[in-house]
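The next block holds one structure in the form of structure tokens; read it before the comments.
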Amino acid sequence: MNMKTSLFAGSLALAMSLTTGSCWADWAEVADLYVVRPAPLDRQIQPQNPPAFAWARYPSATKPTSYTLEVSKDGLVVARYTSTRNFYLPSKAFESGQYTWRVRPNVKEDWSTPRSFTINATSKVFEVPETTAVRSAILAHPRPRQQRRDFLPLSAWTPAMRTARGAAVTRMATLVSSQMAGQPAALAAPTNDQWPLTSTLSTAARALYITQITRSIGNVTNQLLGAALLYRLTGEAKYLQEAFARGDQLAALDPNGMTSYVNHDVATRSIMLALAKAADFLYPELASNVTRKAAWMGAIRARVAPMYVDLAGANSRLDEQPYDSHGTVALGYLAVIATLTLGDLPEATEWFDFSFRAYVNAVYVWSGPEGGYGNGTGYAMFSTEYAMQLWQPLIEATGVNIFTKPWAEGFSRFLMHFIPPGAPGLVFGDQHELYIYNFALKGFASRIKSANAAWYVKNIVGEEADLTLLQAPYPLPVDTVTETPVPPPNAALYPSIGWVAMHSSMADRARTSVYFKSSPYGSYNHSHGDQNSIVIDSGGRRLLIESGYEDYYYSPLVLSWYRQTKAHNAITYNSGVGQVIDENVNNIARNGKITAFSTTPTLDYAAGDATPAYGAALTSAVRKVWYLRGQDAVVVVDKLAAPTGLTFEWNLHTVAPIVVEASDSVKTTNVDRTLCVRYLGADKTAYQPRSGPPPAPGKTESHGAFVKPAAANSAEFIVLLDVGCKRPNVTLTPTAVGKTLVVGTQSIVIPN
């Protein structure tokens with residue numbers, strides 16, 4: 001969110017690999033969790049070549065005006081760069097090899113401790129020319145800048161193009177025409193009078209008000225862009241006049257009213273971007289109307305100015321504290337708008353130089369360079385929409401294709417693993433209860449040229465949105481893949497976000513999927529108090545769910561249930577007390593980490609340590625998860641310790657009734673898929689039903705927990721989750737080093 005409580009800086013040693021890198025006690029790395037950590041991390045193979053460099057700002061009374069970054073190989077300095085900010089993205093790739101880097105401020109001869117990184121054959125080249133060169137390329141690009149040089153009007157389309165995209169043109173033309181003035185479904189013009197200013201405090205009423213504004217502005221901006229694009233495709237005057245009318249309406253809205261950056265940053269971003277894109281699409285036509293062009297450019301300037309002041313404030317605040325979910329998106333909007341208005345607005349040069357390289361360098365900040373999204377799959381899904389809105393015009397105008405950034409390809413695999421084709425829902429974080437935007441996932445993956453992306457696009461039901469498809473290159477990058485489409489591996493760890501996916505078979509839409517999370521992001525921003533929690537799907541049905549829903553951000557319902565550990569399949573104590581979620585900005589420290597991961601054709605394993613998430617209440621909270629692929633069963637072992645006696649609880653949540661079969665075993669059936677859950681310990685731990693708030697309208701939820709018989713300073717849970725209720729033979733045998741658990745024909749060793 002765009003407020004202090006949304007700032008999360010510090011990548012928290014985001015390369016959370018199973019081998020911990022060095023931690024250096026020097027000025028480039030500070031203890032403050034909000035300050036960016038040094039990058040590249042020590043001893044890491046870099047997915048991107050050249051890597052992005054970052055460091056904490058030098059702590060001196062006299063602020064440095066520049067830094068010198070030095071890169072060495074085999075003891076010899078091979079590159080030296082000067083940066084006025086505390087990050088640097090070289091424009092040229094490095095040769096393979098092991099390197100060290102260090103940095104110093106211009107105010108003192110005080111080098112940071114050297115850190116090493118490796119470039120090898122797996123490091124993908126992603127070069128971004130120097131900012132001045134990119135700016136020159138933009139100015140040299142014919143208008144429209146966002147339109148490909150090989151763009152063809154509809155009349156010149158080949159039969160193949162008509163087959164691929166003709167239906168999209170027809171659908172969009174029908175929609176845009178039906179919403180023009182005088183039509184039964186005509187869009188009402190947005191006006192200042194209909195949206196009076198209200199308090200900025202979060203309430204249910206204001207959340208609804210903001211949603212209404214968002215939808216109205218979204219409809220009008222889509223109508224503007226659809227009409228402008230149709231005019232470029234068809235040359236029909238009615239689309240030009242509709243685009244002019246809608247652009248005039250948006251330009252007339254008060255930039256200090258309810259659609260201002262302060263009151264509704266999402267709305268103002270949409271307005272300024274739509275005006276900038278439409279002005280570029282209609283550049284020759286708009287140039288002939290000096291008054292209209294001045295009004296549109298004035299509206300863009302008035303809306304961008306406060307956003308730029310915010311982002312550039314505190315000496316480019318995102319450089320030091322980059323993890324602001326709205327701020328990082330706004331940076332992308334600024335980069336695109338500056339790109340499209342260079343030469344029209346004098347300020348655009350300053351906006352571009354400030355934002356472009358920083359945005360390309362930072363996309364996206366909620367994971368490490370391997371890809372992922374620590375804020376949850378709901379917000380990851382939203383980010384695919386932002387990518388198509390922002391990256392497509394940047395690709396053509398600047399020549400820099402962010403879809404080829406190694407992070408983007410890793411992010412696409414993350415989507416495959418955590419929102420696979422046939423998945424019944426999203427997982428982890430805010431908006432996990434939202435329906436899946438297949439159109440957005442398909443659109444993003446279609447811009448990735450890989451065999452994995454080709455498999456994902458082929459297997460996602462539905463089509464990409466017409467407006468983004470008709471602005472995309474033809475053919476789509478995914479359609480140029482020559483390899484056989486293949487799914488990614490059945491199991492994967494995304495170390496920087498602490499997420500693990502284990503699937504019976506990625507190729508099977510009826511697969512069983514086990515999701516496990518123990519994240520360094522803790523319960524911060526859009527994350528929940530759900531460290532060491534699991535979610536289980538099978539056959540397109542959710543068997544173990546995350547309960548609750550978000551009525552609005554940080555609402556009473558959200559704080560009392562939705563974000564709480566007791567709403568997830570995780571450990572609580574003393575009747576539902578769980579992980580710390582109410583310490584505001586300190587929630588980032590209430591985190592977890594993946595400490596082990598392995599995968600074989602028959603067995604996956606992951607371990608997570610969520611001890612910090614519980615604050616001082618626990619001294620140990622370790623969960624180990626085995627997915628026995630051969631048995632389609634999951635074994636979960638929790639070991640817990642506390643300084644005082646606590647009654648521990650193993651929570652589970654389902655969409656269907658939980659049927660008690662015995663004191664230590666239950667069953668749930670979601671339509672045609674069943675799950676039997678059995679406690680395997682020898683003590684008197686027993687199942688107890690639990691209650692929660694009413695679920696979202698139209699939904700049902702059941703809650704329960706296996707509860708220890710008495711308070712104790714330590715506890716262990718061993719739980720078998722039998723997908724399909726096959727009821728295999730189970731034996732648990734103590735050994736000198738732990739226990740051997742046999743489930744059907746597979747066995748695992750549970751260490752002490």
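Each chain in the structure tokens gets a letter, A, B and so on, in the order shown; residues start at 1 in every chain, and ligands are counted from 1 in the order they appear.
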
Practice prompt. Write down as a PyMOL selection string the residues belonging to segment 85-281 of chain A that are assigned helix (DSSP H, G or I) by DSSP computed on the backbone.
Written response: chain A and resi 131-140+154-156+159-178+204-234+237-252+265-281

Where does DSSP see strand (DSSP E or B) in segment 498-594 of chain A, if you list the residues as a PDB file with all heavy atoms, in the first residue's frame?
```pdb
ATOM      1  N   TRP A 499       8.748 -20.365  -0.691  1.00  0.00           N
ATOM      2  CA  TRP A 499       7.582 -21.129  -1.119  1.00  0.00           C
ATOM      3  C   TRP A 499       8.032 -22.423  -1.791  1.00  0.00           C
ATOM      4  O   TRP A 499       9.013 -22.440  -2.538  1.00  0.00           O
ATOM      5  CB  TRP A 499       6.759 -20.338  -2.127  1.00  0.00           C
ATOM      6  CG  TRP A 499       5.993 -19.164  -1.598  1.00  0.00           C
ATOM      7  CD1 TRP A 499       6.292 -18.392  -0.527  1.00  0.00           C
ATOM      8  CD2 TRP A 499       4.805 -18.622  -2.169  1.00  0.00           C
ATOM      9  NE1 TRP A 499       5.362 -17.396  -0.383  1.00  0.00           N
ATOM     10  CE2 TRP A 499       4.439 -17.507  -1.375  1.00  0.00           C
ATOM     11  CE3 TRP A 499       4.018 -18.951  -3.266  1.00  0.00           C
ATOM     12  CZ2 TRP A 499       3.308 -16.735  -1.651  1.00  0.00           C
ATOM     13  CZ3 TRP A 499       2.896 -18.182  -3.541  1.00  0.00           C
ATOM     14  CH2 TRP A 499       2.545 -17.097  -2.738  1.00  0.00           C
ATOM     15  N   VAL A 500       7.260 -23.491  -1.550  1.00  0.00           N
ATOM     16  CA  VAL A 500       7.530 -24.791  -2.154  1.00  0.00           C
ATOM     17  C   VAL A 500       6.240 -25.322  -2.773  1.00  0.00           C
ATOM     18  O   VAL A 500       5.172 -25.249  -2.157  1.00  0.00           O
ATOM     19  CB  VAL A 500       8.059 -25.799  -1.116  1.00  0.00           C
ATOM     20  CG1 VAL A 500       8.194 -27.191  -1.722  1.00  0.00           C
ATOM     21  CG2 VAL A 500       9.402 -25.333  -0.549  1.00  0.00           C
ATOM     22  N   ALA A 501       6.345 -25.844  -3.984  1.00  0.00           N
ATOM     23  CA  ALA A 501       5.225 -26.524  -4.643  1.00  0.00           C
ATOM     24  C   ALA A 501       5.612 -27.967  -4.898  1.00  0.00           C
ATOM     25  O   ALA A 501       6.722 -28.246  -5.356  1.00  0.00           O
ATOM     26  CB  ALA A 501       4.874 -25.836  -5.955  1.00  0.00           C
ATOM     27  N   MET A 502       4.699 -28.887  -4.584  1.00  0.00           N
ATOM     28  CA  MET A 502       4.911 -30.310  -4.828  1.00  0.00           C
ATOM     29  C   MET A 502       3.663 -30.843  -5.532  1.00  0.00           C
ATOM     30  O   MET A 502       2.569 -30.768  -4.987  1.00  0.00           O
ATOM     31  CB  MET A 502       5.127 -31.066  -3.516  1.00  0.00           C
ATOM     32  CG  MET A 502       6.142 -30.458  -2.574  1.00  0.00           C
ATOM     33  SD  MET A 502       6.184 -31.360  -0.999  1.00  0.00           S
ATOM     34  CE  MET A 502       7.191 -30.265   0.013  1.00  0.00           C
ATOM     35  N   HIS A 503       3.834 -31.366  -6.743  1.00  0.00           N
ATOM     36  CA  HIS A 503       2.706 -31.841  -7.539  1.00  0.00           C
ATOM     37  C   HIS A 503       2.876 -33.319  -7.870  1.00  0.00           C
ATOM     38  O   HIS A 503       4.000 -33.790  -8.095  1.00  0.00           O
ATOM     39  CB  HIS A 503       2.605 -31.055  -8.846  1.00  0.00           C
ATOM     40  CG  HIS A 503       2.417 -29.584  -8.668  1.00  0.00           C
ATOM     41  ND1 HIS A 503       1.188 -29.022  -8.413  1.00  0.00           N
ATOM     42  CD2 HIS A 503       3.299 -28.556  -8.709  1.00  0.00           C
ATOM     43  CE1 HIS A 503       1.322 -27.704  -8.320  1.00  0.00           C
ATOM     44  NE2 HIS A 503       2.596 -27.401  -8.479  1.00  0.00           N
ATOM     45  N   THR A 512      -2.618 -33.854  -7.860  1.00  0.00           N
ATOM     46  CA  THR A 512      -2.594 -33.418  -6.465  1.00  0.00           C
ATOM     47  C   THR A 512      -1.491 -32.378  -6.337  1.00  0.00           C
ATOM     48  O   THR A 512      -0.397 -32.554  -6.884  1.00  0.00           O
ATOM     49  CB  THR A 512      -2.333 -34.590  -5.521  1.00  0.00           C
ATOM     50  OG1 THR A 512      -3.464 -35.467  -5.546  1.00  0.00           O
ATOM     51  CG2 THR A 512      -2.103 -34.114  -4.089  1.00  0.00           C
ATOM     52  N   SER A 513      -1.797 -31.298  -5.617  1.00  0.00           N
ATOM     53  CA  SER A 513      -0.828 -30.219  -5.423  1.00  0.00           C
ATOM     54  C   SER A 513      -0.728 -29.903  -3.949  1.00  0.00           C
ATOM     55  O   SER A 513      -1.754 -29.737  -3.270  1.00  0.00           O
ATOM     56  CB  SER A 513      -1.262 -28.960  -6.192  1.00  0.00           C
ATOM     57  OG  SER A 513      -1.394 -29.222  -7.574  1.00  0.00           O
ATOM     58  N   VAL A 514       0.496 -29.819  -3.467  1.00  0.00           N
ATOM     59  CA  VAL A 514       0.759 -29.470  -2.073  1.00  0.00           C
ATOM     60  C   VAL A 514       1.593 -28.197  -2.067  1.00  0.00           C
ATOM     61  O   VAL A 514       2.667 -28.147  -2.682  1.00  0.00           O
ATOM     62  CB  VAL A 514       1.520 -30.603  -1.340  1.00  0.00           C
ATOM     63  CG1 VAL A 514       1.744 -30.229   0.126  1.00  0.00           C
ATOM     64  CG2 VAL A 514       0.761 -31.919  -1.458  1.00  0.00           C
ATOM     65  N   TYR A 515       1.097 -27.171  -1.392  1.00  0.00           N
ATOM     66  CA  TYR A 515       1.795 -25.883  -1.309  1.00  0.00           C
ATOM     67  C   TYR A 515       2.214 -25.635   0.137  1.00  0.00           C
ATOM     68  O   TYR A 515       1.411 -25.788   1.061  1.00  0.00           O
ATOM     69  CB  TYR A 515       0.886 -24.758  -1.796  1.00  0.00           C
ATOM     70  CG  TYR A 515       0.351 -24.974  -3.190  1.00  0.00           C
ATOM     71  CD1 TYR A 515      -1.008 -25.202  -3.418  1.00  0.00           C
ATOM     72  CD2 TYR A 515       1.202 -24.972  -4.295  1.00  0.00           C
ATOM     73  CE1 TYR A 515      -1.500 -25.399  -4.698  1.00  0.00           C
ATOM     74  CE2 TYR A 515       0.716 -25.171  -5.579  1.00  0.00           C
ATOM     75  CZ  TYR A 515      -0.641 -25.391  -5.773  1.00  0.00           C
ATOM     76  OH  TYR A 515      -1.123 -25.593  -7.043  1.00  0.00           O
ATOM     77  N   PHE A 516       3.468 -25.224   0.294  1.00  0.00           N
ATOM     78  CA  PHE A 516       4.048 -25.032   1.626  1.00  0.00           C
ATOM     79  C   PHE A 516       4.786 -23.707   1.627  1.00  0.00           C
ATOM     80  O   PHE A 516       5.502 -23.380   0.677  1.00  0.00           O
ATOM     81  CB  PHE A 516       5.002 -26.185   1.935  1.00  0.00           C
ATOM     82  CG  PHE A 516       5.736 -26.090   3.248  1.00  0.00           C
ATOM     83  CD1 PHE A 516       5.078 -25.777   4.424  1.00  0.00           C
ATOM     84  CD2 PHE A 516       7.111 -26.340   3.309  1.00  0.00           C
ATOM     85  CE1 PHE A 516       5.757 -25.705   5.637  1.00  0.00           C
ATOM     86  CE2 PHE A 516       7.797 -26.273   4.507  1.00  0.00           C
ATOM     87  CZ  PHE A 516       7.120 -25.952   5.676  1.00  0.00           C
ATOM     88  N   LYS A 517       4.619 -22.954   2.698  1.00  0.00           N
ATOM     89  CA  LYS A 517       5.202 -21.612   2.754  1.00  0.00           C
ATOM     90  C   LYS A 517       5.874 -21.371   4.092  1.00  0.00           C
ATOM     91  O   LYS A 517       5.291 -21.644   5.149  1.00  0.00           O
ATOM     92  CB  LYS A 517       4.105 -20.566   2.538  1.00  0.00           C
ATOM     93  CG  LYS A 517       4.542 -19.132   2.809  1.00  0.00           C
ATOM     94  CD  LYS A 517       3.363 -18.171   2.760  1.00  0.00           C
ATOM     95  CE  LYS A 517       3.790 -16.764   3.125  1.00  0.00           C
ATOM     96  NZ  LYS A 517       2.654 -15.818   3.139  1.00  0.00           N
ATOM     97  N   SER A 533       2.554 -22.938   6.820  1.00  0.00           N
ATOM     98  CA  SER A 533       1.212 -23.439   6.509  1.00  0.00           C
ATOM     99  C   SER A 533       1.235 -24.222   5.202  1.00  0.00           C
ATOM    100  O   SER A 533       2.162 -24.109   4.403  1.00  0.00           O
ATOM    101  CB  SER A 533       0.214 -22.291   6.411  1.00  0.00           C
ATOM    102  OG  SER A 533       0.482 -21.489   5.273  1.00  0.00           O
ATOM    103  N   ILE A 534       0.181 -25.004   4.988  1.00  0.00           N
ATOM    104  CA  ILE A 534       0.060 -25.801   3.770  1.00  0.00           C
ATOM    105  C   ILE A 534      -1.332 -25.607   3.168  1.00  0.00           C
ATOM    106  O   ILE A 534      -2.284 -25.228   3.857  1.00  0.00           O
ATOM    107  CB  ILE A 534       0.305 -27.307   4.015  1.00  0.00           C
ATOM    108  CG1 ILE A 534      -0.694 -27.858   5.043  1.00  0.00           C
ATOM    109  CG2 ILE A 534       1.735 -27.566   4.446  1.00  0.00           C
ATOM    110  CD1 ILE A 534      -0.633 -29.370   5.189  1.00  0.00           C
ATOM    111  N   VAL A 535      -1.433 -25.870   1.876  1.00  0.00           N
ATOM    112  CA  VAL A 535      -2.691 -25.920   1.134  1.00  0.00           C
ATOM    113  C   VAL A 535      -2.608 -27.151   0.246  1.00  0.00           C
ATOM    114  O   VAL A 535      -1.548 -27.452  -0.311  1.00  0.00           O
ATOM    115  CB  VAL A 535      -2.900 -24.651   0.283  1.00  0.00           C
ATOM    116  CG1 VAL A 535      -4.146 -24.782  -0.590  1.00  0.00           C
ATOM    117  CG2 VAL A 535      -2.999 -23.416   1.166  1.00  0.00           C
ATOM    118  N   ILE A 536      -3.725 -27.874   0.116  1.00  0.00           N
ATOM    119  CA  ILE A 536      -3.732 -29.091  -0.700  1.00  0.00           C
ATOM    120  C   ILE A 536      -4.906 -29.064  -1.668  1.00  0.00           C
ATOM    121  O   ILE A 536      -6.047 -28.803  -1.277  1.00  0.00           O
ATOM    122  CB  ILE A 536      -3.807 -30.363   0.172  1.00  0.00           C
ATOM    123  CG1 ILE A 536      -2.568 -30.467   1.069  1.00  0.00           C
ATOM    124  CG2 ILE A 536      -3.933 -31.608  -0.704  1.00  0.00           C
ATOM    125  CD1 ILE A 536      -2.572 -31.677   1.978  1.00  0.00           C
ATOM    126  N   ASP A 537      -4.603 -29.337  -2.955  1.00  0.00           N
ATOM    127  CA  ASP A 537      -5.609 -29.493  -3.999  1.00  0.00           C
ATOM    128  C   ASP A 537      -5.512 -30.895  -4.571  1.00  0.00           C
ATOM    129  O   ASP A 537      -4.450 -31.523  -4.538  1.00  0.00           O
ATOM    130  CB  ASP A 537      -5.378 -28.508  -5.154  1.00  0.00           C
ATOM    131  CG  ASP A 537      -5.495 -27.056  -4.745  1.00  0.00           C
ATOM    132  OD1 ASP A 537      -6.130 -26.774  -3.713  1.00  0.00           O
ATOM    133  OD2 ASP A 537      -4.939 -26.203  -5.473  1.00  0.00           O
ATOM    134  N   SER A 538      -6.620 -31.361  -5.151  1.00  0.00           N
ATOM    135  CA  SER A 538      -6.571 -32.610  -5.908  1.00  0.00           C
ATOM    136  C   SER A 538      -7.756 -32.651  -6.863  1.00  0.00           C
ATOM    137  O   SER A 538      -8.886 -32.335  -6.477  1.00  0.00           O
ATOM    138  CB  SER A 538      -6.609 -33.826  -4.978  1.00  0.00           C
ATOM    139  OG  SER A 538      -6.374 -35.017  -5.714  1.00  0.00           O
ATOM    140  N   ARG A 541     -10.064 -29.710  -7.089  1.00  0.00           N
ATOM    141  CA  ARG A 541     -10.820 -29.365  -5.875  1.00  0.00           C
ATOM    142  C   ARG A 541      -9.838 -28.961  -4.786  1.00  0.00           C
ATOM    143  O   ARG A 541      -8.767 -29.553  -4.640  1.00  0.00           O
ATOM    144  CB  ARG A 541     -11.645 -30.555  -5.359  1.00  0.00           C
ATOM    145  CG  ARG A 541     -12.464 -31.267  -6.400  1.00  0.00           C
ATOM    146  CD  ARG A 541     -13.638 -30.461  -6.861  1.00  0.00           C
ATOM    147  NE  ARG A 541     -14.497 -31.228  -7.756  1.00  0.00           N
ATOM    148  CZ  ARG A 541     -15.472 -30.722  -8.488  1.00  0.00           C
ATOM    149  NH1 ARG A 541     -15.734 -29.422  -8.431  1.00  0.00           N
ATOM    150  NH2 ARG A 541     -16.187 -31.490  -9.289  1.00  0.00           N
ATOM    151  N   ARG A 542     -10.215 -27.987  -4.008  1.00  0.00           N
ATOM    152  CA  ARG A 542      -9.380 -27.607  -2.868  1.00  0.00           C
ATOM    153  C   ARG A 542      -9.797 -28.447  -1.672  1.00  0.00           C
ATOM    154  O   ARG A 542     -10.966 -28.448  -1.264  1.00  0.00           O
ATOM    155  CB  ARG A 542      -9.532 -26.116  -2.563  1.00  0.00           C
ATOM    156  CG  ARG A 542      -8.601 -25.634  -1.464  1.00  0.00           C
ATOM    157  CD  ARG A 542      -7.937 -24.332  -1.816  1.00  0.00           C
ATOM    158  NE  ARG A 542      -6.983 -24.461  -2.904  1.00  0.00           N
ATOM    159  CZ  ARG A 542      -6.341 -23.425  -3.457  1.00  0.00           C
ATOM    160  NH1 ARG A 542      -6.562 -22.192  -3.027  1.00  0.00           N
ATOM    161  NH2 ARG A 542      -5.476 -23.611  -4.436  1.00  0.00           N
ATOM    162  N   LEU A 543      -8.841 -29.154  -1.083  1.00  0.00           N
ATOM    163  CA  LEU A 543      -9.113 -30.045   0.050  1.00  0.00           C
ATOM    164  C   LEU A 543      -8.745 -29.402   1.382  1.00  0.00           C
ATOM    165  O   LEU A 543      -9.504 -29.497   2.347  1.00  0.00           O
ATOM    166  CB  LEU A 543      -8.378 -31.369  -0.142  1.00  0.00           C
ATOM    167  CG  LEU A 543      -8.833 -32.177  -1.368  1.00  0.00           C
ATOM    168  CD1 LEU A 543      -7.999 -33.443  -1.513  1.00  0.00           C
ATOM    169  CD2 LEU A 543     -10.324 -32.513  -1.273  1.00  0.00           C
ATOM    170  N   LEU A 544      -7.572 -28.790   1.470  1.00  0.00           N
ATOM    171  CA  LEU A 544      -7.226 -27.964   2.627  1.00  0.00           C
ATOM    172  C   LEU A 544      -7.141 -26.529   2.142  1.00  0.00           C
ATOM    173  O   LEU A 544      -6.328 -26.208   1.268  1.00  0.00           O
ATOM    174  CB  LEU A 544      -5.897 -28.387   3.259  1.00  0.00           C
ATOM    175  CG  LEU A 544      -5.890 -29.615   4.156  1.00  0.00           C
ATOM    176  CD1 LEU A 544      -4.547 -29.742   4.870  1.00  0.00           C
ATOM    177  CD2 LEU A 544      -7.015 -29.596   5.177  1.00  0.00           C
ATOM    178  N   ILE A 571       0.108 -24.016  12.887  1.00  0.00           N
ATOM    179  CA  ILE A 571       0.118 -24.257  14.323  1.00  0.00           C
ATOM    180  C   ILE A 571      -0.311 -23.014  15.105  1.00  0.00           C
ATOM    181  O   ILE A 571       0.182 -21.909  14.856  1.00  0.00           O
ATOM    182  CB  ILE A 571       1.526 -24.684  14.791  1.00  0.00           C
ATOM    183  CG1 ILE A 571       1.925 -26.011  14.138  1.00  0.00           C
ATOM    184  CG2 ILE A 571       1.597 -24.778  16.320  1.00  0.00           C
ATOM    185  CD1 ILE A 571       1.059 -27.196  14.531  1.00  0.00           C
ATOM    186  N   THR A 572      -1.222 -23.221  16.055  1.00  0.00           N
ATOM    187  CA  THR A 572      -1.572 -22.193  17.038  1.00  0.00           C
ATOM    188  C   THR A 572      -1.447 -22.804  18.427  1.00  0.00           C
ATOM    189  O   THR A 572      -1.127 -23.981  18.589  1.00  0.00           O
ATOM    190  CB  THR A 572      -2.991 -21.651  16.823  1.00  0.00           C
ATOM    191  OG1 THR A 572      -3.930 -22.748  16.913  1.00  0.00           O
ATOM    192  CG2 THR A 572      -3.127 -20.978  15.470  1.00  0.00           C
ATOM    193  N   TYR A 573      -1.753 -22.002  19.437  1.00  0.00           N
ATOM    194  CA  TYR A 573      -1.725 -22.498  20.815  1.00  0.00           C
ATOM    195  C   TYR A 573      -2.785 -21.759  21.633  1.00  0.00           C
ATOM    196  O   TYR A 573      -3.244 -20.672  21.259  1.00  0.00           O
ATOM    197  CB  TYR A 573      -0.341 -22.324  21.444  1.00  0.00           C
ATOM    198  CG  TYR A 573       0.152 -20.890  21.476  1.00  0.00           C
ATOM    199  CD1 TYR A 573      -0.127 -20.056  22.567  1.00  0.00           C
ATOM    200  CD2 TYR A 573       0.900 -20.351  20.430  1.00  0.00           C
ATOM    201  CE1 TYR A 573       0.309 -18.738  22.604  1.00  0.00           C
ATOM    202  CE2 TYR A 573       1.341 -19.043  20.454  1.00  0.00           C
ATOM    203  CZ  TYR A 573       1.042 -18.245  21.547  1.00  0.00           C
ATOM    204  OH  TYR A 573       1.465 -16.932  21.589  1.00  0.00           O
ATOM    205  N   VAL A 577      -4.260 -18.779  19.430  1.00  0.00           N
ATOM    206  CA  VAL A 577      -3.224 -17.748  19.402  1.00  0.00           C
ATOM    207  C   VAL A 577      -2.137 -18.194  18.422  1.00  0.00           C
ATOM    208  O   VAL A 577      -1.681 -19.337  18.460  1.00  0.00           O
ATOM    209  CB  VAL A 577      -2.621 -17.510  20.803  1.00  0.00           C
ATOM    210  CG1 VAL A 577      -1.568 -16.400  20.744  1.00  0.00           C
ATOM    211  CG2 VAL A 577      -3.709 -17.173  21.802  1.00  0.00           C
ATOM    212  N   LYS A 593      11.508 -19.349   7.252  1.00  0.00           N
ATOM    213  CA  LYS A 593      12.504 -19.648   6.221  1.00  0.00           C
ATOM    214  C   LYS A 593      12.467 -21.134   5.891  1.00  0.00           C
ATOM    215  O   LYS A 593      12.176 -21.976   6.746  1.00  0.00           O
ATOM    216  CB  LYS A 593      13.912 -19.256   6.667  1.00  0.00           C
ATOM    217  CG  LYS A 593      14.418 -19.982   7.906  1.00  0.00           C
ATOM    218  CD  LYS A 593      15.819 -19.500   8.283  1.00  0.00           C
ATOM    219  CE  LYS A 593      16.296 -20.187   9.564  1.00  0.00           C
ATOM    220  NZ  LYS A 593      17.652 -19.721   9.962  1.00  0.00           N
ATOM    221  N   ILE A 594      12.710 -21.431   4.635  1.00  0.00           N
ATOM    222  CA  ILE A 594      12.853 -22.820   4.204  1.00  0.00           C
ATOM    223  C   ILE A 594      14.278 -23.259   4.515  1.00  0.00           C
ATOM    224  O   ILE A 594      15.239 -22.613   4.101  1.00  0.00           O
ATOM    225  CB  ILE A 594      12.563 -22.968   2.707  1.00  0.00           C
ATOM    226  CG1 ILE A 594      11.116 -22.574   2.397  1.00  0.00           C
ATOM    227  CG2 ILE A 594      12.842 -24.390   2.237  1.00  0.00           C
ATOM    228  CD1 ILE A 594      10.062 -23.461   3.029  1.00  0.00           C
TER     229      ILE A 594
END
```

Worksheet item: Taking into account only C-alpha atoms, which residue in the set A:Ala454, A:Val35, A:Leu224, A:Met180 is nearest to Ala243 of chain A?
Response: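 The answer is A:Leu224, which sits nearest to Ala243 of chain A.
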
Worksheet item: Neighbours of Gln688 of chain A within 10 Å (only C-alpha atoms; same-chain residues fewer than 5 positions away dropped), as a PyMOL selection string?
Response: chain A and resi 649+651+660+663-664+703-707

Item to complete: Work out how far atom CA of Ala338 of chain A is from atom CA of Glu350 of chain A, in Å to one decimal.
Response: 8.4 Å

Practice prompt. Find, counting only C-alpha atoms, the residue in A:Phe352, A:Thr700, A:Tyr553, A:Val427 that gets nearest to Leu208 of chain A.
Written response: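 The closest residue to Leu208 of chain A is A:Tyr553.
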
Worksheet, complete the sentence: One residue among A:Pro346, A:Gly313, A:Gly374, A:Gly247 is nearest to Ala274 of chain A when using only C-alpha atoms, and that residue is A:Gly247

Fill in: Residues near Ile497 of chain A, cut-off 10 Å, only C-alpha atoms, skip fewer than 2 positions along chain, as a ChimeraX atom specification
/A:11-12,14-16,366-368,370-376,493-495,499-500,517-522,592-594

Item to complete: Determine, counting only C-alpha atoms, which protein, DNA and RNA residues have an atom within 9 Å of an atom of segment 262-264 of chain A; residues of the same chain fewer than 6 positions away are not included. Present the result as a list in words.
Response: Leu197, Thr198, Ser199, Thr200, Ile210, Ile213, Thr214, Asn256, Pro306 and Met307 of chain A

Would you save the residues from that selection as a CSV table (one decimal), in the first residue's frame, using N, CA and C atoms?
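Result file follows (out.csv):
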```csv
chain,number,residue,atom,x,y,z
A,197,LEU,N,-15.0,14.7,-2.4
A,197,LEU,CA,-13.9,14.3,-1.6
A,197,LEU,C,-14.5,13.7,-0.3
A,198,THR,N,-13.8,12.6,0.2
A,198,THR,CA,-14.1,12.0,1.5
A,198,THR,C,-12.9,11.8,2.3
A,199,SER,N,-13.1,11.3,3.5
A,199,SER,CA,-11.9,11.0,4.4
A,199,SER,C,-11.0,10.0,3.8
A,200,THR,N,-9.8,10.0,4.1
A,200,THR,CA,-8.8,9.0,3.6
A,200,THR,C,-8.8,7.8,4.5
A,210,ILE,N,-14.3,3.7,-3.3
A,210,ILE,CA,-13.0,3.6,-4.1
A,210,ILE,C,-13.2,2.6,-5.2
A,213,ILE,N,-15.3,4.0,-8.0
A,213,ILE,CA,-14.5,4.9,-8.8
A,213,ILE,C,-13.5,4.1,-9.7
A,214,THR,N,-12.9,3.1,-9.2
A,214,THR,CA,-11.9,2.3,-9.9
A,214,THR,C,-12.6,1.7,-11.1
A,256,ASN,N,-6.8,17.1,-8.3
A,256,ASN,CA,-6.7,17.2,-6.8
A,256,ASN,C,-8.0,16.7,-6.1
A,306,PRO,N,2.8,15.1,-8.6
A,306,PRO,CA,2.8,14.7,-7.2
A,306,PRO,C,3.4,13.3,-7.1
A,307,MET,N,3.1,12.4,-8.1
A,307,MET,CA,3.7,11.1,-8.0
A,307,MET,C,5.2,11.1,-8.1
```
